Amino acid sequence: MINISSMFARSPFKPLRDHMDKVAESVVPLKDFFEALHQEDYAKVKEIQQQVSLAEKEADIIKNEVRDHLPRSIFMPINRRDLLEMLDMQDTIADVAQDIVNLLTLRKMSLPKELCQDVIQFVEKSQQVCSMAQDLSQEFGDVLESGFGRHEINKLLEMINQVSTAETEADDLEDSVVRKMFEVEDRMKPVDVVFWYKIFELIGDIADYSKKTGSRLRLMIASNQ
């Protein structure tokens with residue numbers, strides 16, 4: 001088991017950074033997953049689903065360790081509640097990634113050919129937003145180590161703005177995919193249409209919760225200025 005207390009003693013943000021690294025690991029295979037789904041390679045689909053589920057499970061282990069061992073009184077420039085809220089936002093990203101692969105694997109759904117490239121582009125953008133949020137974790141560690149130095153804060157705030165911009169781009173791609181779904185849904189099974197709209201929402205949630213982690217960091221910074 002992870003010695004969370006000693007980790008916090010070395011770096012107050014390291015456990016959350018390690019958790020975010022594991023969360024990102026659950027998102028990385030999603031493009032390959034959708035490509036396998038398009039090719040109807042269900043053996044690979046199942047393999048990737050298990051990979052994502054394992055990463056999500058390992059993220060949960062870190063999350064629970066942090067919750068159980070985070071001291072109620074710790075000498076840090078940020079408070080315990082903010083850390084735990086940040087942890088929950090990060091963890092939701094892994095939960096959503098698992099929901100996506102579980103739902104599509106259980107139903108053995110096929111990706112409509114007319115939407116394939118658009119959906120994969122949408123997935124890639126959401127992955128990018130998650131990766132950018134992962135970078136925020138590292139940068140925030142630098143902010144803490146600098147004692148909230150102005151240069152480090154400005155760099156982090158700019159990165160947070162970039163995450164927000166990328167999330168807006170993901171929203172635009174989701175709107176585009178939904179519009180294209182309108183054009184082909186009459187040729188699909190009604191239940192598949194419902195499920196695909198749900199999947200699109202979940203893909204968007206990956207970008208949305210990645211943005212929310214940045215927003216939480218912004219609040220942490222504001223409370224220390």
# chains A, B, ... in the order shown; residues from 1 in each chain; ligands from 1
call {"tool": "closest_atom_pairs", "arguments": {"of": "stretch 164-221 of chain A", "to": "stretch 128-134 of chain A", "cutoff": "8 Å", "atoms": "only C-alpha atoms", "output": "CSV"}}
result
residue,atom,partner,partner_atom,distance
A:Ala166,CA,A:Val129,CA,6.0
A:Glu167,CA,A:Val129,CA,6.2
A:Ile206,CA,A:Cys130,CA,6.9
A:Ala207,CA,A:Val129,CA,5.4
A:Ser210,CA,A:Cys130,CA,5.2
A:Lys211,CA,A:Ala133,CA,7.0
A:Thr213,CA,A:Ala133,CA,6.9
A:Gly214,CA,A:Ala133,CA,6.5
call {"tool": "closest_atom_pairs", "arguments": {"of": "stretch 137-188 of chain A", "to": "stretch 15-34 of chain A", "cutoff": "9 Å", "atoms": "only C-alpha atoms", "output": "CSV"}}
result
residue,atom,partner,partner_atom,distance
A:Ser137,CA,A:Arg17,CA,5.3
A:Gln138,CA,A:Arg17,CA,6.7
A:Gly141,CA,A:Arg17,CA,8.3
call {"tool": "residues_around", "arguments": {"residues": "A:Glu183", "least_positions_apart": "6", "cutoff": "12 Å", "atoms": "only C-alpha atoms", "output": "ChimeraX atom specification"}}
result
/A:112,114-115,176-177,193
call {"tool": "residues_around", "arguments": {"residues": "A:Ile62", "least_positions_apart": "2", "cutoff": "8 Å", "atoms": "only C-alpha atoms", "output": "PDB file with all heavy atoms, in the first residue's frame"}}
result
ATOM      1  N   ILE A   2       0.356   2.336  -0.520  1.00  0.00           N
ATOM      2  CA  ILE A   2       1.107   3.571  -0.626  1.00  0.00           C
ATOM      3  C   ILE A   2       1.162   4.260   0.732  1.00  0.00           C
ATOM      4  O   ILE A   2       0.156   4.357   1.433  1.00  0.00           O
ATOM      5  CB  ILE A   2       0.438   4.510  -1.654  1.00  0.00           C
ATOM      6  CG1 ILE A   2       0.356   3.820  -3.014  1.00  0.00           C
ATOM      7  CG2 ILE A   2       1.180   5.831  -1.750  1.00  0.00           C
ATOM      8  CD1 ILE A   2      -0.536   4.542  -3.984  1.00  0.00           C
ATOM      9  N   PRO A  15       0.680  13.011  -4.037  1.00  0.00           N
ATOM     10  CA  PRO A  15      -0.340  11.963  -4.165  1.00  0.00           C
ATOM     11  C   PRO A  15      -1.407  12.283  -5.211  1.00  0.00           C
ATOM     12  O   PRO A  15      -1.849  11.404  -5.945  1.00  0.00           O
ATOM     13  CB  PRO A  15      -0.940  11.880  -2.757  1.00  0.00           C
ATOM     14  CG  PRO A  15       0.129  12.399  -1.863  1.00  0.00           C
ATOM     15  CD  PRO A  15       0.809  13.473  -2.649  1.00  0.00           C
ATOM     16  N   ASP A  18       0.199  11.751  -8.613  1.00  0.00           N
ATOM     17  CA  ASP A  18       0.265  10.326  -8.936  1.00  0.00           C
ATOM     18  C   ASP A  18      -1.109   9.789  -9.336  1.00  0.00           C
ATOM     19  O   ASP A  18      -1.234   8.971 -10.245  1.00  0.00           O
ATOM     20  CB  ASP A  18       0.804   9.537  -7.741  1.00  0.00           C
ATOM     21  CG  ASP A  18       2.273   9.827  -7.471  1.00  0.00           C
ATOM     22  OD1 ASP A  18       2.936  10.408  -8.354  1.00  0.00           O
ATOM     23  OD2 ASP A  18       2.751   9.483  -6.375  1.00  0.00           O
ATOM     24  N   HIS A  19      -2.128  10.270  -8.635  1.00  0.00           N
ATOM     25  CA  HIS A  19      -3.489   9.851  -8.974  1.00  0.00           C
ATOM     26  C   HIS A  19      -3.866  10.312 -10.378  1.00  0.00           C
ATOM     27  O   HIS A  19      -4.433   9.549 -11.170  1.00  0.00           O
ATOM     28  CB  HIS A  19      -4.477  10.416  -7.950  1.00  0.00           C
ATOM     29  CG  HIS A  19      -5.905  10.094  -8.237  1.00  0.00           C
ATOM     30  ND1 HIS A  19      -6.751  10.993  -8.856  1.00  0.00           N
ATOM     31  CD2 HIS A  19      -6.651   8.966  -8.021  1.00  0.00           C
ATOM     32  CE1 HIS A  19      -7.950  10.439  -8.986  1.00  0.00           C
ATOM     33  NE2 HIS A  19      -7.911   9.216  -8.496  1.00  0.00           N
ATOM     34  N   GLU A  58      -6.829   1.037 -10.226  1.00  0.00           N
ATOM     35  CA  GLU A  58      -5.609   1.496  -9.558  1.00  0.00           C
ATOM     36  C   GLU A  58      -5.740   2.962  -9.136  1.00  0.00           C
ATOM     37  O   GLU A  58      -5.220   3.364  -8.086  1.00  0.00           O
ATOM     38  CB  GLU A  58      -4.412   1.300 -10.486  1.00  0.00           C
ATOM     39  CG  GLU A  58      -4.080  -0.187 -10.700  1.00  0.00           C
ATOM     40  CD  GLU A  58      -2.985  -0.407 -11.730  1.00  0.00           C
ATOM     41  OE1 GLU A  58      -2.695   0.531 -12.508  1.00  0.00           O
ATOM     42  OE2 GLU A  58      -2.429  -1.518 -11.758  1.00  0.00           O
ATOM     43  N   ALA A  59      -6.449   3.752  -9.943  1.00  0.00           N
ATOM     44  CA  ALA A  59      -6.707   5.144  -9.550  1.00  0.00           C
ATOM     45  C   ALA A  59      -7.575   5.180  -8.299  1.00  0.00           C
ATOM     46  O   ALA A  59      -7.360   6.006  -7.398  1.00  0.00           O
ATOM     47  CB  ALA A  59      -7.392   5.898 -10.692  1.00  0.00           C
ATOM     48  N   ASP A  60      -8.546   4.268  -8.216  1.00  0.00           N
ATOM     49  CA  ASP A  60      -9.393   4.196  -7.027  1.00  0.00           C
ATOM     50  C   ASP A  60      -8.589   3.846  -5.782  1.00  0.00           C
ATOM     51  O   ASP A  60      -8.859   4.357  -4.690  1.00  0.00           O
ATOM     52  CB  ASP A  60     -10.493   3.146  -7.227  1.00  0.00           C
ATOM     53  CG  ASP A  60     -11.740   3.726  -7.866  1.00  0.00           C
ATOM     54  OD1 ASP A  60     -11.857   4.962  -7.955  1.00  0.00           O
ATOM     55  OD2 ASP A  60     -12.606   2.941  -8.285  1.00  0.00           O
ATOM     56  N   ASN A  64      -8.530   6.205  -2.547  1.00  0.00           N
ATOM     57  CA  ASN A  64      -8.939   5.765  -1.213  1.00  0.00           C
ATOM     58  C   ASN A  64      -7.814   5.912  -0.198  1.00  0.00           C
ATOM     59  O   ASN A  64      -8.058   6.240   0.974  1.00  0.00           O
ATOM     60  CB  ASN A  64      -9.432   4.318  -1.274  1.00  0.00           C
ATOM     61  CG  ASN A  64     -10.731   4.176  -2.041  1.00  0.00           C
ATOM     62  OD1 ASN A  64     -11.517   5.125  -2.121  1.00  0.00           O
ATOM     63  ND2 ASN A  64     -10.961   3.023  -2.637  1.00  0.00           N
ATOM     64  N   GLU A  65      -6.586   5.672  -0.639  1.00  0.00           N
ATOM     65  CA  GLU A  65      -5.449   5.850   0.257  1.00  0.00           C
ATOM     66  C   GLU A  65      -5.303   7.316   0.667  1.00  0.00           C
ATOM     67  O   GLU A  65      -5.020   7.625   1.826  1.00  0.00           O
ATOM     68  CB  GLU A  65      -4.167   5.366  -0.432  1.00  0.00           C
ATOM     69  CG  GLU A  65      -3.993   3.855  -0.427  1.00  0.00           C
ATOM     70  CD  GLU A  65      -3.634   3.366   0.960  1.00  0.00           C
ATOM     71  OE1 GLU A  65      -2.503   3.604   1.404  1.00  0.00           O
ATOM     72  OE2 GLU A  65      -4.508   2.767   1.613  1.00  0.00           O
ATOM     73  N   VAL A  66      -5.482   8.203  -0.296  1.00  0.00           N
ATOM     74  CA  VAL A  66      -5.399   9.626   0.021  1.00  0.00           C
ATOM     75  C   VAL A  66      -6.496  10.021   1.009  1.00  0.00           C
ATOM     76  O   VAL A  66      -6.262  10.699   2.015  1.00  0.00           O
ATOM     77  CB  VAL A  66      -5.498  10.484  -1.263  1.00  0.00           C
ATOM     78  CG1 VAL A  66      -5.606  11.963  -0.914  1.00  0.00           C
ATOM     79  CG2 VAL A  66      -4.285  10.254  -2.150  1.00  0.00           C
TER      80      VAL A  66
END
call {"tool": "closest_residue", "arguments": {"among": "A:Val123, A:Ala94, A:Cys116, A:Met159", "to": "A:Met181", "atoms": "only C-alpha atoms"}}
result
A:Cys116
call {"tool": "residues_around", "arguments": {"residues": "A:Ser110", "least_positions_apart": "3", "cutoff": "7 Å", "atoms": "only C-alpha atoms", "output": "MDAnalysis selection string"}}
result
chainID A and resid 37:38 40
call {"tool": "closest_residue", "arguments": {"among": "A:Met188, A:Leu103, A:Ile160, A:Leu54", "to": "A:Leu202", "atoms": "only C-alpha atoms"}}
result
A:Leu103
